[in-house]
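Raw contents of upload_32.cif, mmCIF, C-alpha atoms and all ligand atoms; chains and numbers go by the auth columns:
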data_work
loop_
_atom_site.group_PDB
_atom_site.id
_atom_site.type_symbol
_atom_site.label_atom_id
_atom_site.label_comp_id
_atom_site.label_asym_id
_atom_site.label_seq_id
_atom_site.Cartn_x
_atom_site.Cartn_y
_atom_site.Cartn_z
_atom_site.B_iso_or_equiv
_atom_site.auth_seq_id
_atom_site.auth_asym_id
ATOM 1 C CA MET A 1 -27.694 -24.498 133.605 0.00 1 A
ATOM 2 C CA LEU A 2 -25.011 -22.870 131.521 0.00 2 A
ATOM 3 C CA ARG A 3 -25.665 -21.934 127.928 0.00 3 A
ATOM 4 C CA THR A 4 -23.149 -23.444 125.512 0.00 4 A
ATOM 5 C CA PRO A 5 -20.593 -22.727 124.236 0.00 5 A
ATOM 6 C CA ILE A 6 -18.870 -22.060 127.559 0.00 6 A
ATOM 7 C CA PHE A 7 -15.805 -19.825 127.747 0.00 7 A
ATOM 8 C CA ALA A 8 -14.033 -20.360 131.068 0.00 8 A
ATOM 9 C CA ALA A 9 -10.894 -18.479 132.114 0.00 9 A
ATOM 10 C CA ASN A 10 -8.683 -20.224 134.674 0.00 10 A
ATOM 11 C CA TRP A 11 -6.218 -17.605 135.841 0.00 11 A
ATOM 12 C CA LYS A 12 -4.398 -20.115 138.084 0.00 12 A
ATOM 13 C CA LEU A 13 -2.018 -18.195 140.391 0.00 13 A
ATOM 14 C CA ASN A 14 -2.028 -14.962 138.360 0.00 14 A
ATOM 15 C CA HIS A 15 -3.659 -11.516 138.628 0.00 15 A
ATOM 16 C CA GLY A 16 -3.932 -10.082 142.132 0.00 16 A
ATOM 17 C CA PRO A 17 -6.814 -7.701 142.919 0.00 17 A
ATOM 18 C CA THR A 18 -5.133 -4.665 141.292 0.00 18 A
ATOM 19 C CA ASP A 19 -4.419 -6.491 138.032 0.00 19 A
ATOM 20 C CA ALA A 20 -7.809 -8.190 138.150 0.00 20 A
ATOM 21 C CA LYS A 21 -9.613 -4.859 138.389 0.00 21 A
ATOM 22 C CA ALA A 22 -7.683 -3.392 135.464 0.00 22 A
ATOM 23 C CA PHE A 23 -8.226 -6.581 133.451 0.00 23 A
ATOM 24 C CA MET A 24 -11.983 -6.559 134.035 0.00 24 A
ATOM 25 C CA GLN A 25 -12.371 -2.889 133.126 0.00 25 A
ATOM 26 C CA ARG A 26 -10.578 -3.445 129.851 0.00 26 A
ATOM 27 C CA PHE A 27 -12.261 -6.775 129.131 0.00 27 A
ATOM 28 C CA LEU A 28 -15.807 -5.555 129.821 0.00 28 A
ATOM 29 C CA HIS A 29 -15.261 -2.421 127.757 0.00 29 A
ATOM 30 C CA GLN A 30 -14.633 -4.622 124.734 0.00 30 A
ATOM 31 C CA THR A 31 -17.042 -7.435 125.467 0.00 31 A
ATOM 32 C CA PRO A 32 -20.781 -6.880 125.091 0.00 32 A
ATOM 33 C CA ARG A 33 -23.379 -9.115 126.701 0.00 33 A
ATOM 34 C CA LEU A 34 -23.402 -12.315 124.700 0.00 34 A
ATOM 35 C CA ASP A 35 -26.636 -14.210 125.157 0.00 35 A
ATOM 36 C CA ASP A 36 -25.680 -17.204 123.041 0.00 36 A
ATOM 37 C CA ARG A 37 -22.839 -18.400 125.296 0.00 37 A
ATOM 38 C CA SER A 38 -21.620 -18.497 128.906 0.00 38 A
ATOM 39 C CA MET A 39 -18.600 -16.697 130.302 0.00 39 A
ATOM 40 C CA LEU A 40 -16.901 -17.716 133.536 0.00 40 A
ATOM 41 C CA PHE A 41 -13.836 -16.521 135.394 0.00 41 A
ATOM 42 C CA PHE A 42 -11.848 -18.581 137.870 0.00 42 A
ATOM 43 C CA PRO A 43 -9.530 -15.991 139.463 0.00 43 A
ATOM 44 C CA PRO A 44 -7.360 -16.694 142.513 0.00 44 A
ATOM 45 C CA ALA A 45 -9.695 -16.671 145.532 0.00 45 A
ATOM 46 C CA LEU A 46 -8.122 -13.474 146.889 0.00 46 A
ATOM 47 C CA SER A 47 -8.960 -11.647 143.642 0.00 47 A
ATOM 48 C CA MET A 48 -12.551 -12.819 143.442 0.00 48 A
ATOM 49 C CA ALA A 49 -13.957 -9.717 145.151 0.00 49 A
ATOM 50 C CA ALA A 50 -12.180 -7.432 142.662 0.00 50 A
ATOM 51 C CA VAL A 51 -13.633 -9.399 139.738 0.00 51 A
ATOM 52 C CA MET A 52 -17.120 -9.399 141.265 0.00 52 A
ATOM 53 C CA ASP A 53 -17.000 -5.646 141.933 0.00 53 A
ATOM 54 C CA ALA A 54 -16.223 -5.039 138.283 0.00 54 A
ATOM 55 C CA LEU A 55 -19.120 -7.291 137.256 0.00 55 A
ATOM 56 C CA HIS A 56 -21.866 -5.630 139.259 0.00 56 A
ATOM 57 C CA GLU A 57 -23.848 -4.747 136.121 0.00 57 A
ATOM 58 C CA ARG A 58 -22.919 -7.860 134.188 0.00 58 A
ATOM 59 C CA PRO A 59 -24.854 -10.782 135.649 0.00 59 A
ATOM 60 C CA ASP A 60 -24.181 -12.612 132.373 0.00 60 A
ATOM 61 C CA VAL A 61 -20.586 -13.274 133.511 0.00 61 A
ATOM 62 C CA LEU A 62 -20.105 -15.795 136.328 0.00 62 A
ATOM 63 C CA VAL A 63 -17.248 -16.196 138.771 0.00 63 A
ATOM 64 C CA GLY A 64 -15.945 -19.344 140.394 0.00 64 A
ATOM 65 C CA VAL A 65 -13.126 -20.652 142.561 0.00 65 A
ATOM 66 C CA GLN A 66 -10.291 -22.855 141.361 0.00 66 A
ATOM 67 C CA HIS A 67 -10.395 -25.212 144.320 0.00 67 A
ATOM 68 C CA VAL A 68 -12.319 -26.086 147.470 0.00 68 A
ATOM 69 C CA HIS A 69 -11.569 -28.439 150.324 0.00 69 A
ATOM 70 C CA SER A 70 -13.652 -31.609 150.525 0.00 70 A
ATOM 71 C CA GLU A 71 -15.020 -30.608 153.955 0.00 71 A
ATOM 72 C CA ALA A 72 -17.297 -27.558 154.175 0.00 72 A
ATOM 73 C CA SER A 73 -15.742 -26.150 157.359 0.00 73 A
ATOM 74 C CA GLY A 74 -13.481 -26.973 160.283 0.00 74 A
ATOM 75 C CA ALA A 75 -9.816 -26.933 161.245 0.00 75 A
ATOM 76 C CA PHE A 76 -8.314 -26.794 157.743 0.00 76 A
ATOM 77 C CA THR A 77 -5.939 -23.846 157.808 0.00 77 A
ATOM 78 C CA GLY A 78 -5.371 -22.277 154.432 0.00 78 A
ATOM 79 C CA GLU A 79 -8.131 -24.088 152.546 0.00 79 A
ATOM 80 C CA ASN A 80 -11.031 -22.655 150.504 0.00 80 A
ATOM 81 C CA SER A 81 -14.517 -23.627 151.622 0.00 81 A
ATOM 82 C CA ALA A 82 -17.350 -24.313 149.160 0.00 82 A
ATOM 83 C CA SER A 83 -19.956 -22.639 151.360 0.00 83 A
ATOM 84 C CA ILE A 84 -17.755 -19.594 152.026 0.00 84 A
ATOM 85 C CA ALA A 85 -17.020 -19.355 148.293 0.00 85 A
ATOM 86 C CA ARG A 86 -20.747 -19.452 147.574 0.00 86 A
ATOM 87 C CA ASP A 87 -21.402 -16.801 150.229 0.00 87 A
ATOM 88 C CA ALA A 88 -18.689 -14.635 148.653 0.00 88 A
ATOM 89 C CA GLY A 89 -20.457 -14.826 145.282 0.00 89 A
ATOM 90 C CA ALA A 90 -18.900 -17.828 143.533 0.00 90 A
ATOM 91 C CA ARG A 91 -21.256 -19.759 141.283 0.00 91 A
ATOM 92 C CA ALA A 92 -18.885 -22.483 140.089 0.00 92 A
ATOM 93 C CA VAL A 93 -15.829 -24.447 141.158 0.00 93 A
ATOM 94 C CA LEU A 94 -13.097 -26.309 139.302 0.00 94 A
ATOM 95 C CA ILE A 95 -12.656 -29.828 140.639 0.00 95 A
ATOM 96 C CA GLY A 96 -9.871 -32.265 139.756 0.00 96 A
ATOM 97 C CA HIS A 97 -7.834 -29.832 137.709 0.00 97 A
ATOM 98 C CA SER A 98 -4.664 -31.609 136.611 0.00 98 A
ATOM 99 C CA GLU A 99 -2.524 -29.293 138.750 0.00 99 A
ATOM 100 C CA ARG A 100 -4.589 -30.212 141.802 0.00 100 A
ATOM 101 C CA ARG A 101 -4.239 -33.890 140.956 0.00 101 A
ATOM 102 C CA HIS A 102 -0.550 -33.907 140.021 0.00 102 A
ATOM 103 C CA VAL A 103 0.977 -31.086 142.083 0.00 103 A
ATOM 104 C CA PHE A 104 -1.213 -31.367 145.183 0.00 104 A
ATOM 105 C CA GLY A 105 -2.057 -35.073 145.122 0.00 105 A
ATOM 106 C CA GLU A 106 -5.843 -34.754 144.825 0.00 106 A
ATOM 107 C CA SER A 107 -7.241 -38.264 144.555 0.00 107 A
ATOM 108 C CA ASP A 108 -10.061 -39.527 142.347 0.00 108 A
ATOM 109 C CA GLU A 109 -12.014 -40.249 145.511 0.00 109 A
ATOM 110 C CA ALA A 110 -11.586 -36.660 146.771 0.00 110 A
ATOM 111 C CA THR A 111 -12.919 -35.311 143.471 0.00 111 A
ATOM 112 C CA GLY A 112 -16.107 -37.320 144.027 0.00 112 A
ATOM 113 C CA ARG A 113 -16.588 -35.818 147.482 0.00 113 A
ATOM 114 C CA LYS A 114 -15.965 -32.329 146.156 0.00 114 A
ATOM 115 C CA VAL A 115 -18.464 -32.685 143.312 0.00 115 A
ATOM 116 C CA ARG A 116 -21.053 -33.824 145.880 0.00 116 A
ATOM 117 C CA LEU A 117 -20.208 -30.886 148.148 0.00 117 A
ATOM 118 C CA ALA A 118 -20.410 -28.441 145.232 0.00 118 A
ATOM 119 C CA LEU A 119 -23.955 -29.506 144.380 0.00 119 A
ATOM 120 C CA ASP A 120 -24.961 -29.396 148.048 0.00 120 A
ATOM 121 C CA THR A 121 -23.605 -25.838 148.144 0.00 121 A
ATOM 122 C CA ARG A 122 -25.265 -24.784 144.855 0.00 122 A
ATOM 123 C CA LEU A 123 -21.969 -24.357 143.040 0.00 123 A
ATOM 124 C CA ILE A 124 -21.661 -25.647 139.473 0.00 124 A
ATOM 125 C CA PRO A 125 -18.892 -28.266 139.558 0.00 125 A
ATOM 126 C CA MET A 126 -16.593 -28.192 136.552 0.00 126 A
ATOM 127 C CA LEU A 127 -14.996 -31.635 136.801 0.00 127 A
ATOM 128 C CA CYS A 128 -11.673 -31.852 134.967 0.00 128 A
ATOM 129 C CA VAL A 129 -10.279 -35.095 133.593 0.00 129 A
ATOM 130 C CA GLY A 130 -7.285 -35.851 131.404 0.00 130 A
ATOM 131 C CA GLU A 131 -4.401 -38.212 130.805 0.00 131 A
ATOM 132 C CA THR A 132 -0.671 -37.599 131.205 0.00 132 A
ATOM 133 C CA LEU A 133 1.714 -37.976 128.287 0.00 133 A
ATOM 134 C CA SER A 134 2.915 -41.383 129.520 0.00 134 A
ATOM 135 C CA GLU A 135 -0.678 -42.590 129.892 0.00 135 A
ATOM 136 C CA ARG A 136 -1.384 -41.419 126.353 0.00 136 A
ATOM 137 C CA GLU A 137 1.702 -43.163 125.026 0.00 137 A
ATOM 138 C CA ALA A 138 0.693 -46.322 126.880 0.00 138 A
ATOM 139 C CA GLY A 139 -2.638 -46.230 125.022 0.00 139 A
ATOM 140 C CA ILE A 140 -4.729 -45.952 128.187 0.00 140 A
ATOM 141 C CA THR A 141 -6.246 -42.490 127.657 0.00 141 A
ATOM 142 C CA GLU A 142 -9.794 -43.794 127.446 0.00 142 A
ATOM 143 C CA SER A 143 -9.605 -45.897 130.594 0.00 143 A
ATOM 144 C CA VAL A 144 -7.958 -43.030 132.528 0.00 144 A
ATOM 145 C CA VAL A 145 -10.647 -40.479 131.683 0.00 145 A
ATOM 146 C CA GLU A 146 -13.432 -43.023 132.241 0.00 146 A
ATOM 147 C CA ARG A 147 -11.978 -43.845 135.670 0.00 147 A
ATOM 148 C CA GLN A 148 -11.728 -40.150 136.576 0.00 148 A
ATOM 149 C CA LEU A 149 -15.274 -39.531 135.360 0.00 149 A
ATOM 150 C CA THR A 150 -16.722 -42.471 137.296 0.00 150 A
ATOM 151 C CA ALA A 151 -14.966 -41.390 140.507 0.00 151 A
ATOM 152 C CA GLY A 152 -15.942 -37.761 140.076 0.00 152 A
ATOM 153 C CA LEU A 153 -19.631 -38.626 139.679 0.00 153 A
ATOM 154 C CA ALA A 154 -19.659 -41.470 142.210 0.00 154 A
ATOM 155 C CA LEU A 155 -21.739 -39.735 144.878 0.00 155 A
ATOM 156 C CA LEU A 156 -24.395 -38.230 142.583 0.00 156 A
ATOM 157 C CA THR A 157 -27.812 -39.524 141.702 0.00 157 A
ATOM 158 C CA ASP A 158 -28.385 -40.105 138.004 0.00 158 A
ATOM 159 C CA ALA A 159 -30.448 -36.918 137.705 0.00 159 A
ATOM 160 C CA GLU A 160 -27.783 -34.845 139.461 0.00 160 A
ATOM 161 C CA VAL A 161 -25.249 -35.714 136.787 0.00 161 A
ATOM 162 C CA GLY A 162 -27.129 -33.237 134.598 0.00 162 A
ATOM 163 C CA GLN A 163 -25.881 -30.393 136.831 0.00 163 A
ATOM 164 C CA VAL A 164 -22.201 -31.094 136.198 0.00 164 A
ATOM 165 C CA VAL A 165 -19.937 -29.539 133.577 0.00 165 A
ATOM 166 C CA LEU A 166 -16.971 -31.585 132.355 0.00 166 A
ATOM 167 C CA ALA A 167 -13.617 -30.396 131.074 0.00 167 A
ATOM 168 C CA TYR A 168 -11.234 -32.641 129.173 0.00 168 A
ATOM 169 C CA GLU A 169 -7.720 -31.323 129.685 0.00 169 A
ATOM 170 C CA PRO A 170 -4.970 -33.626 128.459 0.00 170 A
ATOM 171 C CA VAL A 171 -2.080 -32.977 130.840 0.00 171 A
ATOM 172 C CA TRP A 172 0.450 -32.968 127.989 0.00 172 A
ATOM 173 C CA ALA A 173 -1.392 -30.061 126.359 0.00 173 A
ATOM 174 C CA ILE A 174 -1.600 -27.806 129.432 0.00 174 A
ATOM 175 C CA GLY A 175 0.729 -24.828 129.240 0.00 175 A
ATOM 176 C CA THR A 176 2.926 -26.609 126.692 0.00 176 A
ATOM 177 C CA GLY A 177 1.768 -24.997 123.467 0.00 177 A
ATOM 178 C CA ARG A 178 0.866 -28.515 122.291 0.00 178 A
ATOM 179 C CA THR A 179 -2.860 -28.470 121.659 0.00 179 A
ATOM 180 C CA ALA A 180 -4.911 -31.580 121.038 0.00 180 A
ATOM 181 C CA THR A 181 -6.211 -31.494 117.478 0.00 181 A
ATOM 182 C CA PRO A 182 -9.951 -30.908 117.146 0.00 182 A
ATOM 183 C CA ALA A 183 -10.209 -34.568 116.126 0.00 183 A
ATOM 184 C CA ASP A 184 -8.285 -35.723 119.241 0.00 184 A
ATOM 185 C CA ALA A 185 -10.465 -33.601 121.497 0.00 185 A
ATOM 186 C CA SER A 186 -13.637 -34.764 119.787 0.00 186 A
ATOM 187 C CA ALA A 187 -12.663 -38.409 120.120 0.00 187 A
ATOM 188 C CA ILE A 188 -12.168 -38.197 123.888 0.00 188 A
ATOM 189 C CA HIS A 189 -15.246 -36.027 124.341 0.00 189 A
ATOM 190 C CA GLY A 190 -17.117 -38.785 122.519 0.00 190 A
ATOM 191 C CA VAL A 191 -15.704 -41.344 124.990 0.00 191 A
ATOM 192 C CA LEU A 192 -16.922 -39.209 127.889 0.00 192 A
ATOM 193 C CA ARG A 193 -20.330 -38.763 126.266 0.00 193 A
ATOM 194 C CA ALA A 194 -20.626 -42.527 125.785 0.00 194 A
ATOM 195 C CA ALA A 195 -19.689 -43.116 129.435 0.00 195 A
ATOM 196 C CA LEU A 196 -22.396 -40.652 130.516 0.00 196 A
ATOM 197 C CA ARG A 197 -24.891 -42.416 128.283 0.00 197 A
ATOM 198 C CA ALA A 198 -23.917 -45.783 129.762 0.00 198 A
ATOM 199 C CA ARG A 199 -24.380 -44.425 133.283 0.00 199 A
ATOM 200 C CA GLY A 200 -27.944 -43.488 132.357 0.00 200 A
ATOM 201 C CA GLY A 201 -30.366 -41.131 134.055 0.00 201 A
ATOM 202 C CA VAL A 202 -29.588 -37.965 132.144 0.00 202 A
ATOM 203 C CA ARG A 203 -29.458 -37.203 128.487 0.00 203 A
ATOM 204 C CA ALA A 204 -25.728 -37.419 127.813 0.00 204 A
ATOM 205 C CA GLY A 205 -26.003 -34.338 125.596 0.00 205 A
ATOM 206 C CA GLN A 206 -27.230 -32.351 128.592 0.00 206 A
ATOM 207 C CA VAL A 207 -23.742 -32.360 130.166 0.00 207 A
ATOM 208 C CA PRO A 208 -21.454 -29.790 128.520 0.00 208 A
ATOM 209 C CA ILE A 209 -17.898 -30.974 127.850 0.00 209 A
ATOM 210 C CA CYS A 210 -15.247 -28.255 127.550 0.00 210 A
ATOM 211 C CA TYR A 211 -11.763 -28.709 126.127 0.00 211 A
ATOM 212 C CA GLY A 212 -8.669 -27.212 127.774 0.00 212 A
ATOM 213 C CA GLY A 213 -4.961 -27.260 126.946 0.00 213 A
ATOM 214 C CA SER A 214 -3.059 -24.572 124.999 0.00 214 A
ATOM 215 C CA VAL A 215 -6.207 -23.001 123.587 0.00 215 A
ATOM 216 C CA ASN A 216 -5.466 -19.668 121.913 0.00 216 A
ATOM 217 C CA ARG A 217 -6.990 -17.171 119.507 0.00 217 A
ATOM 218 C CA GLY A 218 -5.765 -19.144 116.530 0.00 218 A
ATOM 219 C CA ASN A 219 -7.284 -22.505 117.443 0.00 219 A
ATOM 220 C CA ALA A 220 -10.413 -21.598 119.457 0.00 220 A
ATOM 221 C CA ALA A 221 -12.820 -21.553 116.497 0.00 221 A
ATOM 222 C CA GLU A 222 -11.759 -24.916 115.082 0.00 222 A
ATOM 223 C CA LEU A 223 -11.871 -26.580 118.499 0.00 223 A
ATOM 224 C CA LEU A 224 -15.371 -25.210 119.122 0.00 224 A
ATOM 225 C CA ALA A 225 -16.513 -26.429 115.716 0.00 225 A
ATOM 226 C CA ALA A 226 -15.495 -30.008 116.570 0.00 226 A
ATOM 227 C CA PRO A 227 -18.281 -32.456 117.455 0.00 227 A
ATOM 228 C CA ASP A 228 -18.947 -32.797 121.189 0.00 228 A
ATOM 229 C CA VAL A 229 -16.797 -29.764 122.117 0.00 229 A
ATOM 230 C CA ASP A 230 -19.183 -27.518 124.078 0.00 230 A
ATOM 231 C CA GLY A 231 -16.750 -24.936 125.405 0.00 231 A
ATOM 232 C CA LEU A 232 -13.194 -24.020 126.293 0.00 232 A
ATOM 233 C CA LEU A 233 -11.299 -23.891 129.606 0.00 233 A
ATOM 234 C CA VAL A 234 -8.347 -21.609 129.063 0.00 234 A
ATOM 235 C CA GLY A 235 -5.275 -20.806 131.152 0.00 235 A
ATOM 236 C CA GLY A 236 -2.485 -18.724 129.598 0.00 236 A
ATOM 237 C CA ALA A 237 -4.557 -17.173 126.813 0.00 237 A
ATOM 238 C CA SER A 238 -7.133 -15.913 129.323 0.00 238 A
ATOM 239 C CA LEU A 239 -4.624 -13.671 131.105 0.00 239 A
ATOM 240 C CA ASP A 240 -4.637 -10.881 128.545 0.00 240 A
ATOM 241 C CA ALA A 241 -7.869 -8.851 128.489 0.00 241 A
ATOM 242 C CA ASP A 242 -7.795 -8.062 124.764 0.00 242 A
ATOM 243 C CA GLY A 243 -6.893 -11.601 123.774 0.00 243 A
ATOM 244 C CA TRP A 244 -9.482 -13.174 126.062 0.00 244 A
ATOM 245 C CA SER A 245 -12.171 -10.810 124.813 0.00 245 A
ATOM 246 C CA ALA A 246 -11.359 -11.886 121.252 0.00 246 A
ATOM 247 C CA ILE A 247 -11.602 -15.554 122.243 0.00 247 A
ATOM 248 C CA VAL A 248 -14.968 -15.223 124.004 0.00 248 A
ATOM 249 C CA ARG A 249 -16.315 -13.414 120.944 0.00 249 A
ATOM 250 C CA THR A 250 -15.240 -16.265 118.654 0.00 250 A
ATOM 251 C CA GLU A 251 -17.808 -16.935 115.981 0.00 251 A
ATOM 252 C CA VAL A 252 -18.994 -20.451 116.582 0.00 252 A
ATOM 253 C CA ARG A 253 -19.813 -22.623 113.554 0.00 253 A
ATOM 254 C CA ARG A 254 -21.732 -25.764 114.436 0.00 254 A
HETATM 255 P P1 LIG B . -3.325 -23.462 129.224 0.00 1 B
HETATM 256 O O1 LIG B . -4.474 -22.864 128.454 0.00 1 B
HETATM 257 O O2 LIG B . -2.361 -22.446 129.738 0.00 1 B
HETATM 258 O O3 LIG B . -2.697 -24.596 128.492 0.00 1 B
HETATM 259 O O4 LIG B . -3.981 -24.093 130.558 0.00 1 B
HETATM 260 C C1 LIG B . -5.074 -24.940 130.425 0.00 1 B
HETATM 261 C C2 LIG B . -5.674 -25.151 131.760 0.00 1 B
HETATM 262 O O5 LIG B . -5.103 -25.827 132.600 0.00 1 B
HETATM 263 C C3 LIG B . -6.941 -24.495 132.046 0.00 1 B
HETATM 264 O O6 LIG B . -7.531 -25.010 133.203 0.00 1 B
#
Please express the file's structure as structure tokens.
Ligand code: 13P
Amino acid sequence: MLRTPIFAANWKLNHGPTDAKAFMQRFLHQTPRLDDRSMLFFPPALSMAAVMDALHERPDVLVGVQHVHSEASGAFTGENSASIARDAGARAVLIGHSERRHVFGESDEATGRKVRLALDTRLIPMLCVGETLSEREAGITESVVERQLTAGLALLTDAEVGQVVLAYEPVWAIGTGRTATPADASAIHGVLRAALRARGGVRAGQVPICYGGSVNRGNAAELLAAPDVDGLLVGGASLDADGWSAIVRTEVRR
């Protein structure tokens, strides 16, 4: 299980191995072991080895992949495999990121199969949910995230739900500079928590819920202080080693 708060960097399609190595040297130089939180990096798959090399004496920092195919192996040219990712050192995987859903057409049903596969492969699934701007304006945010959550967890036993990490990433806040307010984030995290409670089996508080969407150095502390916000999943602001080090060292007031 991950210790909360969780600080997860999603580099998306940025930082090749050369940049990744330089980033990690600089980042680790400034960032001591922090035993009261978890740190994760989701680099591009081709840069994972460079990140892992840099981390050889820092088992406190975990690495994951941004995407896996829903089948473990076979004739799927170009895809990432969960079991190969695990063999290569990944400990976690993002599933259902909004860019996978909206750019690559990942379905709710596929997210459920991938969460199942992740647990079978001993990868921590970080299941992402979030509404688009038009869904928000139509007042259906809660039903959208509940639907995504139900589909993502569909193939798990009740007890297995306790091994999942959730991330609420409103699509309108991703890469736009428009962050959800701490109150907005808290409200939807509360909806997710209630849905977990209704599903039963695990203590709803056992499942960490991260927020993502235009997180930066200026808003990280207030987001983390909001009720039900157990961590941050960060894109743009995780690309700069100094800035990301400052964010992961945020003093957390709870
Ligand atoms: P930004 O932090 O760049 O808005 O991206 C958020 C995100 O999609 C992280 O997974």
Inset, instruction - Check the smallest atom-to-atom distance from each of A:Ala237, A:Leu34, A:Ile6, A:Ala20 to Leu46 in chain A using only C-alpha atoms, then report the winner. - result: A:Ala20
Inset, instruction - Name the residues, by chain letter and number, that sit within 7 Å of ligand LIG 1 (chain B) using only C-alpha atoms and all ligand atoms, and give them as an NGL selection string. - result: :A and (10 or 97 or 169 or 173-177 or 212-215 or 233-237)
Resulting file, chosen residues, C-alpha atoms, as a PDB file, keeping the file's coordinate frame:
ATOM      1  CA  ASN A  10      -8.683 -20.224 134.674  1.00  0.00           C
ATOM      2  CA  HIS A  97      -7.834 -29.832 137.709  1.00  0.00           C
ATOM      3  CA  GLU A 169      -7.720 -31.323 129.685  1.00  0.00           C
ATOM      4  CA  ALA A 173      -1.392 -30.061 126.359  1.00  0.00           C
ATOM      5  CA  ILE A 174      -1.600 -27.806 129.432  1.00  0.00           C
ATOM      6  CA  GLY A 175       0.729 -24.828 129.240  1.00  0.00           C
ATOM      7  CA  THR A 176       2.926 -26.609 126.692  1.00  0.00           C
ATOM      8  CA  GLY A 177       1.768 -24.997 123.467  1.00  0.00           C
ATOM      9  CA  GLY A 212      -8.669 -27.212 127.774  1.00  0.00           C
ATOM     10  CA  GLY A 213      -4.961 -27.260 126.946  1.00  0.00           C
ATOM     11  CA  SER A 214      -3.059 -24.572 124.999  1.00  0.00           C
ATOM     12  CA  VAL A 215      -6.207 -23.001 123.587  1.00  0.00           C
ATOM     13  CA  LEU A 233     -11.299 -23.891 129.606  1.00  0.00           C
ATOM     14  CA  VAL A 234      -8.347 -21.609 129.063  1.00  0.00           C
ATOM     15  CA  GLY A 235      -5.275 -20.806 131.152  1.00  0.00           C
ATOM     16  CA  GLY A 236      -2.485 -18.724 129.598  1.00  0.00           C
ATOM     17  CA  ALA A 237      -4.557 -17.173 126.813  1.00  0.00           C
TER      18      ALA A 237
END
Inset, instruction - Name the residues captured by the PyMOL selection byres (((chain A and resi 27) around 12) and not hetatm) when it is applied to the shown file; answer as an MDAnalysis selection string. - result: chainID A and resid 19:26 28:33 39 41 51 54:55 58 61 238:249
Legend entry - Result set, the PyMOL selection byres (((chain A and resi 180) around 12) and not hetatm) on current file, as a ChimeraX atom specification: /A:130-131,133,136,168-174,176-179,181-189,211-216,219-220,222-223,226
Inset, instruction - Compile the contact shell of Val202 in chain A as a PyMOL selection string: residues with an atom at most 12 Å away, counting all atoms listed in the file, same-chain residues fewer than 2 positions apart removed. - result: chain A and resi 156-164+193-200+204-207
Inset, instruction - Mind giving me the straight-line distance from CA of Val63 in chain A to CA of Arg254 in chain A in Å, one decimal? - result: 26.5 Å
Legend entry - CA of Ala221 in chain A to CA of Val145 in chain A, straight-line distance in Å: 24.4 Å
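Excluding range 148-152 of chain A itself and same-chain residues fewer than 6 positions from it, the residues having an atom within 9 Å of it are Ile95, Gly96, Asp108, Glu109, Ala110, Thr111, Gly112, Arg113, Lys114, Val115, Arg116, Leu127, Cys128, Val129, Gly130, Leu166, Leu192, Ala195, Leu196 and Arg199 of chain A, counting all atoms listed in the file.
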Output C-alpha atoms for every residue in the selection just made, as a PDB file, in the frame of the given file.
ATOM      1  CA  ILE A  95     -12.656 -29.828 140.639  1.00  0.00           C
ATOM      2  CA  GLY A  96      -9.871 -32.265 139.756  1.00  0.00           C
ATOM      3  CA  ASP A 108     -10.061 -39.527 142.347  1.00  0.00           C
ATOM      4  CA  GLU A 109     -12.014 -40.249 145.511  1.00  0.00           C
ATOM      5  CA  ALA A 110     -11.586 -36.660 146.771  1.00  0.00           C
ATOM      6  CA  THR A 111     -12.919 -35.311 143.471  1.00  0.00           C
ATOM      7  CA  GLY A 112     -16.107 -37.320 144.027  1.00  0.00           C
ATOM      8  CA  ARG A 113     -16.588 -35.818 147.482  1.00  0.00           C
ATOM      9  CA  LYS A 114     -15.965 -32.329 146.156  1.00  0.00           C
ATOM     10  CA  VAL A 115     -18.464 -32.685 143.312  1.00  0.00           C
ATOM     11  CA  ARG A 116     -21.053 -33.824 145.880  1.00  0.00           C
ATOM     12  CA  LEU A 127     -14.996 -31.635 136.801  1.00  0.00           C
ATOM     13  CA  CYS A 128     -11.673 -31.852 134.967  1.00  0.00           C
ATOM     14  CA  VAL A 129     -10.279 -35.095 133.593  1.00  0.00           C
ATOM     15  CA  GLY A 130      -7.285 -35.851 131.404  1.00  0.00           C
ATOM     16  CA  LEU A 166     -16.971 -31.585 132.355  1.00  0.00           C
ATOM     17  CA  LEU A 192     -16.922 -39.209 127.889  1.00  0.00           C
ATOM     18  CA  ALA A 195     -19.689 -43.116 129.435  1.00  0.00           C
ATOM     19  CA  LEU A 196     -22.396 -40.652 130.516  1.00  0.00           C
ATOM     20  CA  ARG A 199     -24.380 -44.425 133.283  1.00  0.00           C
TER      21      ARG A 199
END
Legend entry - CA of Ser83 in chain A to CA of Ala45 in chain A, distance in Å rounded to a single decimal: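 Between CA of Ser83 in chain A and CA of Ala45 in chain A the gap is 13.2 Å.
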Inset, instruction - Might you pull out every residue within 10 Å of range 85-89 of chain A, with all atoms listed in the file counted and same-chain residues fewer than 6 positions away left off, and present them as a ChimeraX atom specification? - result: /A:45,48-49,52,62-65,67-68,118,121-123
